[in-house]
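Since the structure comes first, as structure tokens, the remarks are kept for the end.
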Amino acid sequence: MTPVRRAERPNRGLNASKLTVRNPGFAALVPVVFLGVLVVWPLIEVLVRSLAGVGPERLAEILGRRSTRSILWFTVWQAAASAALTLALGLPIAHVLARYRFRGRAAVRAIAVVPFVLPTVVVAAAIDASFEALSIDLDRSVGAILVAHVFFNIAIVIRVVGGRWVSLDRRPEEAAMVLGASPWTAFRFTTLPRLLPVIGSAGILTFLFSFTSFGVILILGGPTNATIETEIYRNAVFRQEFDVAAVLALIQIAVVAALSLISARLQGRFSRQERGRRRAYDRPIRSKAERRHVITIIGLVAVVVGGPLVALVAASLRTGDRRFGLTNYRNLFEPVNLLPVSAAEAVGTSLRYGLIAALIAVFVGVVTAFVVTRGGALGRSLEVAALVPLGVSAVTLGFGYLLAFTVLDLRRSTWIVPIAHSVIGLPFVLASVIPALRAVDHRYREAASVLGATPSGVVRLIDLPLIRGAALTGGGFAFAVSLGEFGATSFLARSDGAFTAPLAIFRLLSQPGDLLRGRALALSVVMGVMVAIVAAAAEWRRDDSVVSL
């Protein structure tokens, strides 16, 4: 059949859900059971343990500890400092990418967001390699944490602010300059006020990612720079103080939920005030000064983003005595006492878990999307439950599994790790499939129904082929997320067969010795390249607007 472009599929007239499965019945059980067991139940266990399991005296004792107050304060101020630095560095980049049309803009934007798709342990390794290359001693320091957070989160500012900035109507700014205002004055009084909601949203999101940072804090911060996230892990895994971990998890959930709501409202406010705008903000470069400015920003992206990545690759090739070679990469196949399996076997485990997690996430995500798009209270509830892993950190989710699955003794099963990864990757599948399913033109369903297709036949012949590309995109992102997942895996990987590559990187970097560090850097490069390739392929699928029936 003729290719159908998604942009040409208006969804008006007959409610599309009337021609899908009329009674979700059995199909709805899949997401209900999956999300109930793997999202709702673990979080309830955390809440029960922190609220009902901790009496007033014990709660007051935990919150009154000097160490608890210190952890809370450090978590907040390092996240605020990280957000401020990321905004200061990211806004000029977002401005250039939104303001000017120039050859290679898409490539610069793609390079700038590379760190965000990398596993956090790879980011920590890249920053550590950069400090060594520059002979800067920031090991186990706040400075290292802040630099890593800026490197990791700058993509948020570029994506969130830059994506909205380019859609602004530039006519108010042009009118102000016609009336005699300087470019800066026109920007300050016409453009900046309209951007403040989305800048605030980006700042909150950056704060949240730094607030819930785990791998970066654990590797670069060390035991002296502890946050809520790392203390949940240490109290649950090493100290066996589950009540303390539960109280900290509850505080984190409350902060994340409140700030996520504020961020969503700020973005909604921006969308409402800019609705109906037509003239795009970007334009070609017009002067030498603007060209120099663009070149300067491109150089900034190259240094901030490319510098750590180049340093990581160079350090992975260093074999000692200023020589370079592939020794560290060959050593990945050799066993080492520090690891239960070789680094290469850990990579194989990560790939296997990634594939399983992606398949589960796609299956559950597609079924959930059909239920969600039918509307109703059940669909809305499932959509909220499925998006919870985006707002709750993987460490908190892993801690919830540690508490909840004691009854079924699932904690020692090697299957629990890829299942947890599928939960974390599920929101990415839904983010791709739900809009695609809602965009399906109801006329295709009507035609199939008139020709005698049953409701299930309509789904099989019309809906599934049209959302195939979206499902592959979401599955690709779920696969990439699984490859680099570290937070929940650190709780759940309790056997040699569940030892993944991020765990191997963390353990190798945690010990002194050039040989171990060399393996860790080589493994970081391997994982970084794999995740980047998968994410790039998924992004390419997202941009492909043609779906063939």
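Following the order of the structure tokens, chains are lettered A, B, ..., residues in each are numbered from 1, and ligands are numbered from 1.
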How close does region 338-365 of chain A get to region 458-474 of chain A? List, as JSON lines, each residue of region 338-365 of chain A within 9 Å, its nearest atom pair and the distance in Å to one decimal, counting only C-alpha atoms.
{"residue": "A:Ala358", "atom": "CA", "partner": "A:Gly474", "partner_atom": "CA", "distance": 8.4}
{"residue": "A:Ala361", "atom": "CA", "partner": "A:Gly474", "partner_atom": "CA", "distance": 8.5}
{"residue": "A:Val362", "atom": "CA", "partner": "A:Ala471", "partner_atom": "CA", "distance": 6.3}
{"residue": "A:Phe363", "atom": "CA", "partner": "A:Ala471", "partner_atom": "CA", "distance": 9.0}
{"residue": "A:Gly365", "atom": "CA", "partner": "A:Ala471", "partner_atom": "CA", "distance": 8.3}
> Hey, what's within 12 Å of Ile217 (chain A) if we count only C-alpha atoms and toss same-chain stuff fewer than 3 positions away? As a PyMOL selection string, please?
Replying inline: chain A and resi 74-75+78-79+120-121+123-125+139-149+209-214+220-231+233+487+506
Okay, now the selection with C-alpha atoms, as a PDB file, in the first residue's frame?
ATOM      1  CA  PHE A  74      24.478  18.666  50.580  1.00  0.00           C
ATOM      2  CA  THR A  75      21.929  17.008  48.280  1.00  0.00           C
ATOM      3  CA  GLN A  78      24.917  20.582  45.053  1.00  0.00           C
ATOM      4  CA  ALA A  79      21.795  20.084  42.923  1.00  0.00           C
ATOM      5  CA  THR A 120      26.248   7.667  34.474  1.00  0.00           C
ATOM      6  CA  VAL A 121      29.243   5.461  35.239  1.00  0.00           C
ATOM      7  CA  VAL A 123      30.108   9.984  32.414  1.00  0.00           C
ATOM      8  CA  ALA A 124      31.995   9.681  35.693  1.00  0.00           C
ATOM      9  CA  ALA A 125      34.834   7.847  33.941  1.00  0.00           C
ATOM     10  CA  ASP A 139      39.315  13.347  42.933  1.00  0.00           C
ATOM     11  CA  ARG A 140      36.474  12.741  45.430  1.00  0.00           C
ATOM     12  CA  SER A 141      35.507  16.429  45.437  1.00  0.00           C
ATOM     13  CA  VAL A 142      32.423  18.581  45.014  1.00  0.00           C
ATOM     14  CA  GLY A 143      34.040  20.203  41.979  1.00  0.00           C
ATOM     15  CA  ALA A 144      34.168  16.875  40.164  1.00  0.00           C
ATOM     16  CA  ILE A 145      30.489  16.264  40.921  1.00  0.00           C
ATOM     17  CA  LEU A 146      29.452  19.682  39.612  1.00  0.00           C
ATOM     18  CA  VAL A 147      31.475  19.319  36.401  1.00  0.00           C
ATOM     19  CA  ALA A 148      29.993  15.874  35.762  1.00  0.00           C
ATOM     20  CA  HIS A 149      26.453  17.121  36.344  1.00  0.00           C
ATOM     21  CA  PHE A 209      18.531  14.948  37.783  1.00  0.00           C
ATOM     22  CA  SER A 210      21.315  16.254  40.031  1.00  0.00           C
ATOM     23  CA  PHE A 211      19.174  15.711  43.141  1.00  0.00           C
ATOM     24  CA  THR A 212      18.683  12.038  42.238  1.00  0.00           C
ATOM     25  CA  SER A 213      22.197  11.487  40.841  1.00  0.00           C
ATOM     26  CA  PHE A 214      23.687   8.160  41.913  1.00  0.00           C
ATOM     27  CA  LEU A 220      33.391  10.951  41.910  1.00  0.00           C
ATOM     28  CA  GLY A 221      32.120  12.030  45.324  1.00  0.00           C
ATOM     29  CA  GLY A 222      33.272   9.121  47.428  1.00  0.00           C
ATOM     30  CA  PRO A 223      31.950   8.352  50.930  1.00  0.00           C
ATOM     31  CA  THR A 224      32.488  11.893  52.236  1.00  0.00           C
ATOM     32  CA  ASN A 225      30.120  13.549  49.739  1.00  0.00           C
ATOM     33  CA  ALA A 226      26.901  11.641  50.366  1.00  0.00           C
ATOM     34  CA  THR A 227      23.453  12.465  49.006  1.00  0.00           C
ATOM     35  CA  ILE A 228      19.988  11.076  49.683  1.00  0.00           C
ATOM     36  CA  GLU A 229      20.391   8.698  46.753  1.00  0.00           C
ATOM     37  CA  THR A 230      23.721   7.214  47.836  1.00  0.00           C
ATOM     38  CA  GLU A 231      22.595   6.961  51.463  1.00  0.00           C
ATOM     39  CA  TYR A 233      21.835   2.544  48.819  1.00  0.00           C
ATOM     40  CA  GLY A 487      20.909   2.400  40.199  1.00  0.00           C
ATOM     41  CA  PHE A 506      31.998   0.919  39.092  1.00  0.00           C
TER      42      PHE A 506
END
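The residue that comes closest to Ile253 (chain A), out of A:Gly215, A:Gly391, A:Gly180, A:Pro193 and on the basis of only C-alpha atoms, is A:Gly391.
The coordinates place CA of Leu437 (chain A) at 14.6 Å from CA of Val364 (chain A).
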>> Using only C-alpha atoms, which protein or nucleic acid residues come within 8 Å of region 319-330 of chain A? Drop anything in the same chain fewer than 2 positions from it, and give the result as a ChimeraX atom specification.
In response: /A:316-317,332-334,515,518-519,522-523
> Which residues come within 9 Å of Arg159 (chain A), counting only C-alpha atoms, excluding same-chain residues fewer than 3 positions away, as an NGL selection string?
Replying inline: :A and (94 or 109 or 113 or 154-156 or 162-164 or 202)
> Can you list, as a PyMOL selection string, every residue of region 126-351 of chain A that DSSP puts in strand (DSSP E or B)?
Replying inline: chain A and resi 283-284+318-320+323-324
> How many Å separate CA of Pro335 (chain A) from CA of Ser495 (chain A)?
Replying inline: 16.6 Å
> So which one's closest to Glu485 (chain A), A:Val450, A:Ala538, A:Ile360, A:Leu118? Using only C-alpha atoms, please.
Replying inline: A:Leu118
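Counting only C-alpha atoms, the residue from A:Ala107, A:Ala246, A:Leu509, A:Ala385 that sits nearest to Ala52 (chain A) is A:Ala246.
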>> Would you compute the distance between CA of Ala60 (chain A) and CA of Thr396 (chain A)? Give it in Å to one decimal.
In response: 21.6 Å
>> Please extract the residues of region 226-414 of chain A with a backbone DSSP assignment of helix (DSSP H, G or I) and present them as number ranges by chain.
In response: A: 228-237, 242-273, 288-317, 327-333, 343-373, 376-391, 394-404
Taking only residues of region 126-231 of chain A that have an atom at most 6 Å from an atom of region 81-93 of chain A, what is each one's shortest atom pair and its distance in Å to one decimal, using only C-alpha atoms, in chain and number order, as a Markdown table?
| residue | atom | partner | partner_atom | distance |
| --- | --- | --- | --- | --- |
| A:Leu146 | CA | A:Ser82 | CA | 5.4 |
| A:Val150 | CA | A:Thr86 | CA | 5.0 |
| A:Ile154 | CA | A:Gly90 | CA | 5.6 |
| A:Val157 | CA | A:Gly90 | CA | 5.6 |
| A:Gly203 | CA | A:Ala83 | CA | 5.7 |
| A:Thr206 | CA | A:Ala83 | CA | 5.3 |
| A:Phe207 | CA | A:Ala83 | CA | 5.1 |
Give me a file of those residues, with N, CA and C atoms, as a PDB file, in the first residue's frame.
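Written out: again-v9.pdb:
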ATOM      1  N   LEU A 146      30.103  18.593  40.341  1.00  0.00           N
ATOM      2  CA  LEU A 146      29.452  19.682  39.612  1.00  0.00           C
ATOM      3  C   LEU A 146      29.796  19.637  38.130  1.00  0.00           C
ATOM      4  N   VAL A 150      27.092  19.087  35.056  1.00  0.00           N
ATOM      5  CA  VAL A 150      26.951  20.024  33.939  1.00  0.00           C
ATOM      6  C   VAL A 150      27.122  19.285  32.613  1.00  0.00           C
ATOM      7  N   ILE A 154      23.567  19.240  30.447  1.00  0.00           N
ATOM      8  CA  ILE A 154      23.479  20.362  29.523  1.00  0.00           C
ATOM      9  C   ILE A 154      22.501  20.077  28.381  1.00  0.00           C
ATOM     10  N   VAL A 157      18.917  21.511  29.012  1.00  0.00           N
ATOM     11  CA  VAL A 157      18.706  22.929  28.692  1.00  0.00           C
ATOM     12  C   VAL A 157      18.599  23.119  27.180  1.00  0.00           C
ATOM     13  N   GLY A 203      15.484  24.438  34.491  1.00  0.00           N
ATOM     14  CA  GLY A 203      16.254  24.498  35.728  1.00  0.00           C
ATOM     15  C   GLY A 203      15.781  23.482  36.747  1.00  0.00           C
ATOM     16  N   THR A 206      16.876  19.982  35.604  1.00  0.00           N
ATOM     17  CA  THR A 206      18.309  19.811  35.867  1.00  0.00           C
ATOM     18  C   THR A 206      18.556  19.586  37.350  1.00  0.00           C
ATOM     19  N   PHE A 207      17.852  20.358  38.182  1.00  0.00           N
ATOM     20  CA  PHE A 207      17.965  20.174  39.631  1.00  0.00           C
ATOM     21  C   PHE A 207      17.569  18.757  40.022  1.00  0.00           C
TER      22      PHE A 207
END
>> Residues within 9 Å of Ala245 (chain A), please, as a PyMOL selection string. Count only C-alpha atoms; anything in the same chain fewer than 3 positions from it doesn't count.
In response: chain A and resi 46+50+228+231-236+240-242+248-250+399
Surrounding residues of Pro197 (chain A) excluding itself and chain neighbours under 6 positions, 9 Å, only C-alpha atoms, as a JSON list (two decimals) with N, CA and C atoms, in the first residue's frame:
[["chain", "number", "residue", "atom", "x", "y", "z"],
["A", 263, "SER", "N", 7.32, 21.85, 37.29],
["A", 263, "SER", "CA", 7.93, 21.89, 35.95],
["A", 263, "SER", "C", 6.89, 21.68, 34.86],
["A", 265, "ARG", "N", 3.70, 22.34, 34.99],
["A", 265, "ARG", "CA", 2.85, 23.53, 34.90],
["A", 265, "ARG", "C", 3.55, 24.68, 34.20],
["A", 266, "LEU", "N", 4.84, 24.84, 34.43],
["A", 266, "LEU", "CA", 5.59, 25.90, 33.75],
["A", 266, "LEU", "C", 5.61, 25.66, 32.24],
["A", 267, "GLN", "N", 5.85, 24.40, 31.84],
["A", 267, "GLN", "CA", 5.84, 24.10, 30.41],
["A", 267, "GLN", "C", 4.45, 24.27, 29.82],
["A", 268, "GLY", "N", 3.41, 23.92, 30.58],
["A", 268, "GLY", "CA", 2.05, 24.14, 30.11],
["A", 268, "GLY", "C", 1.74, 25.61, 29.95],
["A", 269, "ARG", "N", 2.25, 26.43, 30.84],
["A", 269, "ARG", "CA", 2.05, 27.87, 30.75],
["A", 269, "ARG", "C", 2.70, 28.43, 29.49],
["A", 270, "PHE", "N", 3.90, 27.97, 29.18],
["A", 270, "PHE", "CA", 4.57, 28.42, 27.96],
["A", 270, "PHE", "C", 3.78, 28.01, 26.72]]
> Which residue, A:Val529, A:Ala501, A:Leu51, A:Ile62, has the smallest gap to Leu309 (chain A) when you use only C-alpha atoms?
Replying inline: A:Val529
Quick one: which region 251-352 of chain A residues come within 12 Å of region 412-430 of chain A, and what is the nearest atom pair for each with the distance in Å to one decimal, counting only C-alpha atoms, rows ordered by chain and ascending number, as a Markdown table?
| residue | atom | partner | partner_atom | distance |
| --- | --- | --- | --- | --- |
| A:Thr349 | CA | A:Pro418 | CA | 10.0 |
| A:Ser350 | CA | A:Pro418 | CA | 9.0 |
| A:Leu351 | CA | A:Pro418 | CA | 10.3 |
| A:Arg352 | CA | A:Pro418 | CA | 8.6 |
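Minimum atom-to-atom distance to Ala537 (chain A), evaluated using only C-alpha atoms, belongs to A:Gly476 out of A:Leu168, A:Gly476, A:Leu503, A:Leu29.
Ranking A:Arg438, A:Ser393, A:Ser130, A:Ala112 by their shortest atom-to-atom distance to Ala254 (chain A), with only C-alpha atoms included, puts A:Ser393 first.
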>> Excluding Val301 (chain A) and its own-chain neighbours fewer than 5 positions away, which residues fall within 9 Å of it when counting only C-alpha atoms? Please give them as an MDAnalysis selection string.
In response: chainID A and resid 93 108 111:112 296 306:307
